[in-house]
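Colleague: This structure is in structure tokens; I'll ask about it shortly.
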There are 2 protein chains.
Amino acid sequence: MNSFFEQNASLLLKNPELVDVFENLMSIEKYPKHHLLHEAGKICNDMYIITSGIARVFYYKEDKDISCHFSAEQETITTIDSFIQRKKSKYNIEALEDLEVLKISHSDLENLFESNPKYERLGRLFLQQIYIDLVERIDDLQLKTAQERYETLLAKKPYLFQRIASKHIASFLSITPETLSRIRGK
Amino acid sequence: MNSFFEQNASLLLKNPELVDVFENLMSIEKYPKHHLLHEAGKICNDMYIITSGIARVFYYKEDKDISCHFSAEQETITTIDSFIQRKKSKYNIEALEDLEVLKISHSDLENLFESNPKYERLGRLFLQQIYIDLVERIDDLQLKTAQERYETLLAKKPYLFQRIASKHIASFLSITPETLSRIRGK
DNA sequence: AATTCTTCTTGACAATTATCAAGAAATTAT
DNA sequence: ATAATTTCTTGATAATTGTCAAGAAGAATT
């Protein structure tokens with residue numbers, strides 16, 4: 001039931017033997033609201049763990065701004081297709097609040113994986129977690145109504161409704177802002 | 001553009017140093033059409049590489065039969081949430097044609113991962129591939145119309161339309177059989 | 001080959017959600 | 001604080017897709 005991204009970052013942050021490793025590899029960064037951590041068309045070289053704030057992954061489909069992921073404190077965020085495949089991404093990452101993050105580069109992460117099988121294993125477990133999460137999201141999109149998708153997200157991540165613009169939630173849920181407004185008005 | 005599942009199984013099958021390993025760990029199995037390779041409510045202990053035939057992952061949502069994945073020759077199939085998390089799955093796996101598969105158990109695969117970091121790495125790369133595939137599917141479901149989802153699937157896996165029942169394709173695309181029939185009739 | 005069962009197609013109608021528009025509310029900038 | 005900009009809400013209407021029904025076509029069984 002927990003966001004697995006939450007479990008994920010915890011997986012990294014709470015593992016005592018990893019703290020030192022990450023202290024060496026990760027840098028603390030601060031970005032203002034609206035800053036783009038990644039821009040579409042570029043190769044994404046960094047993964048972030050958010051320590052304060054909220055960010056989103058989004059892209060443009062025929063001028064429409066479509067949000068496809070949100071991450072908050074303790075969660076990770078990257079344009080994962082680009083990060084994994086080392087090719088240009090259509091996705092952007094935007095700070096929706098002033099942001100404080102831990103940043104790690106793709107190459108440092110790869111080196112870490114190669115340095116010791118236990119990190120390789122951690123990488124695999126991380127991917128397993130985020131994979132399960134995507135399966136749940138497909139489940140939602142494949143056969144829930146707009147109303148049900150709204151309720152599911154409200155149950156899973158209620159803080160989003162307090163902290164970010166409704167239009168972003170609407171596109172994430174694959175409905176128009178008008179429909180979301182009507183659903184919220186019961 | 002290739003199915004990454006296809007790339008995946010190839011990743012396993014075409015790697016020369018792996019052939020011996022897999023010959024020892026994998027068994028050849030044959031199942032008739034309609035056979036359930038996995039039943040909902042059980043823990044899924046096996047992963048399959050299909051050498052002949054087509055299978056699907058599906059589940060029941062309020063009596064409705066919902067297909068959520070198809071795999072054909074050279075592709076892998078399992079109820080991956082259960083396989084990964086070692087808990088009961090709501091998903092079933094059904095042979096849609098007479099099936100010939102290579103079967104490997106979860107424990108054998110885990111042992112393989114632990115036996116040598118290069119297998120652990122292979123496991124991670126495999127997950128990366130299938131993760132990217134899910135991201136594409138979410139993209140389809142999040143903002144394509146029924147017509148566009150149909151066209152996307154037709155382009156990606158045209159053989160499905162020759163080999164399996166339309167009703168399965170319809171539920172996979174998240175539309176009714178009636179709507180799919182109308183779309184196909186141009 | 002004939003029967004039975006399932007799946008597919010087509011039509012009429014209903015439900016859901018989108019689009020367009022305009023004013024209200026909220027946020028941001030001055 | 002006030003003005004400017006953006007976002008949210010609400011109504012009217014349209015488009016898309018679903019539901020129900022019944023016959024046609026196809027597949028499976030005898």
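In the structure tokens, chains take the letters A, B, ... in the order shown, each chain's residues start at 1, and ligands count up from 1 in the order shown.
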Determine, for each residue of chain A having at least one atom at most 10 Å from an atom of chain D, the closest pair of atoms and their separation in Å to one decimal, counting only C-alpha atoms (C1' of nucleotides); order by chain and ascending number, as JSON lines.
Modeller:
{"residue": "A:Ala165", "atom": "CA", "partner": "D:DT7", "partner_atom": "C1'", "distance": 7.9}
{"residue": "A:Ser166", "atom": "CA", "partner": "D:DC8", "partner_atom": "C1'", "distance": 8.3}
{"residue": "A:Lys167", "atom": "CA", "partner": "D:DT7", "partner_atom": "C1'", "distance": 8.0}
{"residue": "A:Pro177", "atom": "CA", "partner": "D:DC8", "partner_atom": "C1'", "distance": 8.1}
{"residue": "A:Glu178", "atom": "CA", "partner": "D:DT9", "partner_atom": "C1'", "distance": 7.6}
{"residue": "A:Ser181", "atom": "CA", "partner": "D:DT9", "partner_atom": "C1'", "distance": 6.8}
{"residue": "A:Arg182", "atom": "CA", "partner": "D:DT9", "partner_atom": "C1'", "distance": 8.1}
{"residue": "A:Gly185", "atom": "CA", "partner": "D:DT9", "partner_atom": "C1'", "distance": 9.3}
Colleague: As a short mmCIF file (atom, residue, chain, number, x, y, z; two decimals) with C-alpha atoms, in the first residue's frame, please: every residue in stretch 5-171 of chain A that a backbone DSSP assignment puts in strand (DSSP E or B).
Modeller:
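This went into states_18.cif:
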data_model
loop_
_atom_site.label_atom_id
_atom_site.label_comp_id
_atom_site.auth_asym_id
_atom_site.auth_seq_id
_atom_site.Cartn_x
_atom_site.Cartn_y
_atom_site.Cartn_z
CA SER A 27 25.56 15.76 -3.57
CA ILE A 28 22.97 17.97 -1.94
CA GLU A 29 21.30 20.30 -4.42
CA LYS A 30 18.68 23.00 -4.05
CA TYR A 31 16.35 24.21 -6.80
CA LEU A 36 13.53 22.06 -14.63
CA LEU A 37 15.74 19.30 -13.24
CA HIS A 38 15.64 17.64 -16.64
CA ASP A 46 21.08 11.99 -12.77
CA MET A 47 18.77 10.37 -10.30
CA TYR A 48 17.44 12.33 -7.35
CA ILE A 49 16.22 11.46 -3.89
CA ILE A 50 13.96 14.24 -2.67
CA THR A 51 14.58 15.40 0.88
CA SER A 52 12.21 18.36 0.73
CA ALA A 55 8.55 17.32 -8.28
CA ARG A 56 6.82 15.90 -11.32
CA VAL A 57 7.69 14.13 -14.57
CA PHE A 58 5.72 15.52 -17.52
CA TYR A 59 5.77 15.90 -21.28
CA TYR A 60 3.96 17.65 -24.07
CA LYS A 61 1.56 15.78 -26.27
CA LYS A 64 -1.01 19.51 -23.89
CA ASP A 65 1.01 19.27 -20.68
CA ILE A 66 0.73 15.69 -19.38
CA SER A 67 2.00 14.75 -15.91
CA CYS A 68 2.99 11.13 -15.54
CA HIS A 69 4.69 10.92 -12.17
CA PHE A 70 4.93 12.79 -8.87
CA SER A 71 7.56 12.34 -6.19
CA THR A 76 13.25 9.07 -5.96
CA ILE A 77 12.76 10.80 -9.28
CA ASN A 92 10.83 16.76 -18.32
CA ILE A 93 11.26 16.96 -14.55
CA GLU A 94 9.97 20.09 -12.83
CA ALA A 95 10.14 21.29 -9.23
CA LEU A 99 13.30 21.47 -3.78
CA GLU A 100 16.11 19.92 -1.80
CA VAL A 101 17.50 16.73 -3.27
CA LEU A 102 20.34 14.26 -3.16
CA LYS A 103 21.78 13.79 -6.62
CA ILE A 104 23.66 10.78 -7.97
CA SER A 105 24.97 10.43 -11.50
#
Colleague: Pick out the chain C residues within 12 Å of chain A. Count only C-alpha atoms (C1' of nucleotides). Give them as a compact mmCIF listing (two decimals) with all heavy atoms, in the first residue's frame.
Modeller:
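This is the output file part-v7.txt:
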# COMPACT_ATOMS: atom_id res chain seq x y z
P DA C 15 -28.63 6.20 -18.65
OP1 DA C 15 -29.16 5.51 -17.45
OP2 DA C 15 -29.11 7.56 -19.03
O5' DA C 15 -27.05 6.26 -18.52
C5' DA C 15 -26.30 5.05 -18.54
C4' DA C 15 -24.83 5.39 -18.61
O4' DA C 15 -24.51 5.83 -19.94
C3' DA C 15 -24.41 6.50 -17.65
O3' DA C 15 -23.29 6.03 -16.93
C2' DA C 15 -24.07 7.68 -18.57
C1' DA C 15 -23.71 7.00 -19.87
N9 DA C 15 -24.02 7.76 -21.08
C8 DA C 15 -25.19 8.39 -21.39
N7 DA C 15 -25.18 8.97 -22.57
C5 DA C 15 -23.90 8.72 -23.05
C6 DA C 15 -23.26 9.07 -24.25
N6 DA C 15 -23.85 9.78 -25.22
N1 DA C 15 -21.99 8.65 -24.43
C2 DA C 15 -21.40 7.93 -23.46
N3 DA C 15 -21.91 7.54 -22.29
C4 DA C 15 -23.17 7.97 -22.15
P DT C 16 -22.60 6.98 -15.80
OP1 DT C 16 -22.28 6.10 -14.67
OP2 DT C 16 -23.41 8.22 -15.63
O5' DT C 16 -21.23 7.40 -16.50
C5' DT C 16 -20.49 6.43 -17.23
C4' DT C 16 -19.42 7.14 -18.02
O4' DT C 16 -20.03 7.83 -19.14
C3' DT C 16 -18.65 8.21 -17.24
O3' DT C 16 -17.27 7.88 -17.36
C2' DT C 16 -19.01 9.52 -17.93
C1' DT C 16 -19.38 9.06 -19.33
N1 DT C 16 -20.34 9.89 -20.11
C2 DT C 16 -20.00 10.28 -21.39
O2 DT C 16 -18.93 9.98 -21.92
N3 DT C 16 -20.96 11.02 -22.05
C4 DT C 16 -22.19 11.41 -21.57
O4 DT C 16 -22.95 12.08 -22.25
C5 DT C 16 -22.48 10.98 -20.22
C7 DT C 16 -23.80 11.34 -19.61
C6 DT C 16 -21.56 10.25 -19.56
P DT C 17 -16.18 8.64 -16.48
OP1 DT C 17 -15.09 7.68 -16.28
OP2 DT C 17 -16.82 9.33 -15.34
O5' DT C 17 -15.68 9.75 -17.51
C5' DT C 17 -15.15 9.32 -18.76
C4' DT C 17 -15.01 10.50 -19.68
O4' DT C 17 -16.30 10.96 -20.10
C3' DT C 17 -14.31 11.73 -19.06
O3' DT C 17 -13.12 11.95 -19.80
C2' DT C 17 -15.33 12.85 -19.19
C1' DT C 17 -16.22 12.34 -20.33
N1 DT C 17 -17.61 12.88 -20.36
C2 DT C 17 -18.10 13.40 -21.54
O2 DT C 17 -17.44 13.45 -22.57
N3 DT C 17 -19.38 13.88 -21.48
C4 DT C 17 -20.21 13.88 -20.37
O4 DT C 17 -21.34 14.34 -20.45
C5 DT C 17 -19.65 13.32 -19.17
C7 DT C 17 -20.47 13.26 -17.92
C6 DT C 17 -18.39 12.85 -19.21
P DA C 18 -12.37 13.36 -19.85
OP1 DA C 18 -10.96 13.03 -20.12
OP2 DA C 18 -12.75 14.17 -18.67
O5' DA C 18 -12.97 14.06 -21.16
C5' DA C 18 -12.79 13.42 -22.42
C4' DA C 18 -13.05 14.39 -23.56
O4' DA C 18 -14.45 14.78 -23.55
C3' DA C 18 -12.25 15.68 -23.49
O3' DA C 18 -11.86 16.02 -24.81
C2' DA C 18 -13.23 16.69 -22.89
C1' DA C 18 -14.57 16.18 -23.39
N9 DA C 18 -15.67 16.39 -22.43
C8 DA C 18 -15.73 15.96 -21.14
N7 DA C 18 -16.86 16.27 -20.53
C5 DA C 18 -17.58 16.95 -21.50
C6 DA C 18 -18.86 17.54 -21.49
N6 DA C 18 -19.66 17.54 -20.43
N1 DA C 18 -19.27 18.14 -22.63
C2 DA C 18 -18.47 18.13 -23.70
N3 DA C 18 -17.25 17.61 -23.83
C4 DA C 18 -16.87 17.02 -22.69
P DT C 19 -11.02 17.34 -25.12
OP1 DT C 19 -10.24 17.02 -26.33
OP2 DT C 19 -10.39 17.78 -23.86
O5' DT C 19 -12.11 18.43 -25.51
C5' DT C 19 -12.95 18.22 -26.66
C4' DT C 19 -13.84 19.43 -26.83
O4' DT C 19 -14.82 19.45 -25.77
C3' DT C 19 -13.11 20.78 -26.78
O3' DT C 19 -13.50 21.49 -27.95
C2' DT C 19 -13.62 21.44 -25.50
C1' DT C 19 -14.98 20.78 -25.33
N1 DT C 19 -15.52 20.65 -23.95
C2 DT C 19 -16.81 21.09 -23.72
O2 DT C 19 -17.51 21.60 -24.57
N3 DT C 19 -17.25 20.91 -22.42
C4 DT C 19 -16.55 20.34 -21.38
O4 DT C 19 -17.06 20.23 -20.27
C5 DT C 19 -15.22 19.92 -21.69
C7 DT C 19 -14.37 19.30 -20.62
C6 DT C 19 -14.76 20.08 -22.95
P DC C 20 -12.71 22.82 -28.40
OP1 DC C 20 -12.72 22.82 -29.89
OP2 DC C 20 -11.45 22.91 -27.65
O5' DC C 20 -13.68 23.99 -27.90
C5' DC C 20 -15.06 23.97 -28.30
C4' DC C 20 -15.83 25.00 -27.50
O4' DC C 20 -16.13 24.47 -26.20
C3' DC C 20 -15.10 26.33 -27.28
O3' DC C 20 -15.94 27.36 -27.75
C2' DC C 20 -14.87 26.38 -25.77
C1' DC C 20 -16.03 25.52 -25.26
N1 DC C 20 -15.85 24.89 -23.93
C2 DC C 20 -16.93 24.87 -23.02
O2 DC C 20 -17.99 25.40 -23.36
N3 DC C 20 -16.76 24.29 -21.81
C4 DC C 20 -15.60 23.74 -21.49
N4 DC C 20 -15.49 23.18 -20.30
C5 DC C 20 -14.48 23.74 -22.40
C6 DC C 20 -14.65 24.32 -23.59
P DA C 26 -10.59 31.05 -3.02
OP1 DA C 26 -10.75 29.85 -2.17
OP2 DA C 26 -10.78 32.42 -2.47
O5' DA C 26 -9.16 31.00 -3.71
C5' DA C 26 -8.85 29.89 -4.54
C4' DA C 26 -7.53 30.15 -5.23
O4' DA C 26 -7.69 31.20 -6.21
C3' DA C 26 -6.42 30.60 -4.28
O3' DA C 26 -5.35 29.70 -4.43
C2' DA C 26 -6.08 32.02 -4.76
C1' DA C 26 -6.52 31.99 -6.21
N9 DA C 26 -6.91 33.27 -6.80
C8 DA C 26 -7.86 34.14 -6.37
N7 DA C 26 -8.00 35.21 -7.13
C5 DA C 26 -7.07 35.01 -8.14
C6 DA C 26 -6.72 35.78 -9.27
N6 DA C 26 -7.30 36.94 -9.58
N1 DA C 26 -5.74 35.30 -10.07
C2 DA C 26 -5.17 34.12 -9.76
N3 DA C 26 -5.42 33.31 -8.74
C4 DA C 26 -6.39 33.82 -7.95
P DT C 27 -4.02 29.81 -3.51
OP1 DT C 27 -3.63 28.43 -3.19
OP2 DT C 27 -4.26 30.83 -2.45
O5' DT C 27 -2.94 30.40 -4.52
C5' DT C 27 -2.80 29.79 -5.81
C4' DT C 27 -1.96 30.69 -6.68
O4' DT C 27 -2.71 31.89 -7.00
C3' DT C 27 -0.66 31.16 -6.02
O3' DT C 27 0.41 30.73 -6.86
C2' DT C 27 -0.79 32.68 -5.94
C1' DT C 27 -1.80 32.97 -7.05
N1 DT C 27 -2.64 34.19 -6.93
C2 DT C 27 -2.59 35.13 -7.94
O2 DT C 27 -1.88 35.02 -8.92
N3 DT C 27 -3.42 36.22 -7.76
C4 DT C 27 -4.27 36.45 -6.69
O4 DT C 27 -4.97 37.45 -6.66
C5 DT C 27 -4.27 35.43 -5.67
C7 DT C 27 -5.16 35.59 -4.48
C6 DT C 27 -3.46 34.36 -5.83
Colleague: What gap, in Å, lies between atom CA of A:Ala170 and atom CA of A:Gln147?
Modeller: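 Atom-to-atom, atom CA of A:Ala170 and atom CA of A:Gln147 are spaced 11.3 Å apart.
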Colleague: Using only C-alpha atoms, find the one residue out of B:Leu134, B:Ile43, B:Ile54, B:Ile164 that sits nearest to B:Gln85.
Modeller: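 Checking each of B:Leu134, B:Ile43, B:Ile54, B:Ile164 against B:Gln85, counting only C-alpha atoms, the winner is B:Ile43.
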Colleague: Using only C-alpha atoms, select each residue of chain A with any atom at most 10 Å away from an atom of chain B, and give the selection as a ChimeraX atom specification.
Modeller: /A:61,66-68,80-82,84-85,113-114,116-118,120-144,171-175
Colleague: Enumerate the residues of stretch 73-184 of chain B with a DSSP assignment of alpha helix (DSSP H), computed from the backbone, and present them as JSON, numbers by chain.
Modeller: {"B": [80, 81, 82, 83, 84, 85, 106, 107, 108, 109, 110, 111, 112, 113, 114, 115, 117, 118, 119, 120, 121, 122, 123, 124, 125, 126, 127, 128, 129, 130, 131, 132, 133, 134, 135, 136, 137, 138, 139, 140, 141, 142, 143, 146, 147, 148, 149, 150, 151, 152, 153, 154, 155, 156, 159, 160, 161, 162, 163, 166, 167, 168, 169, 170, 171, 172, 173, 177, 178, 179, 180, 181, 182, 183, 184]}
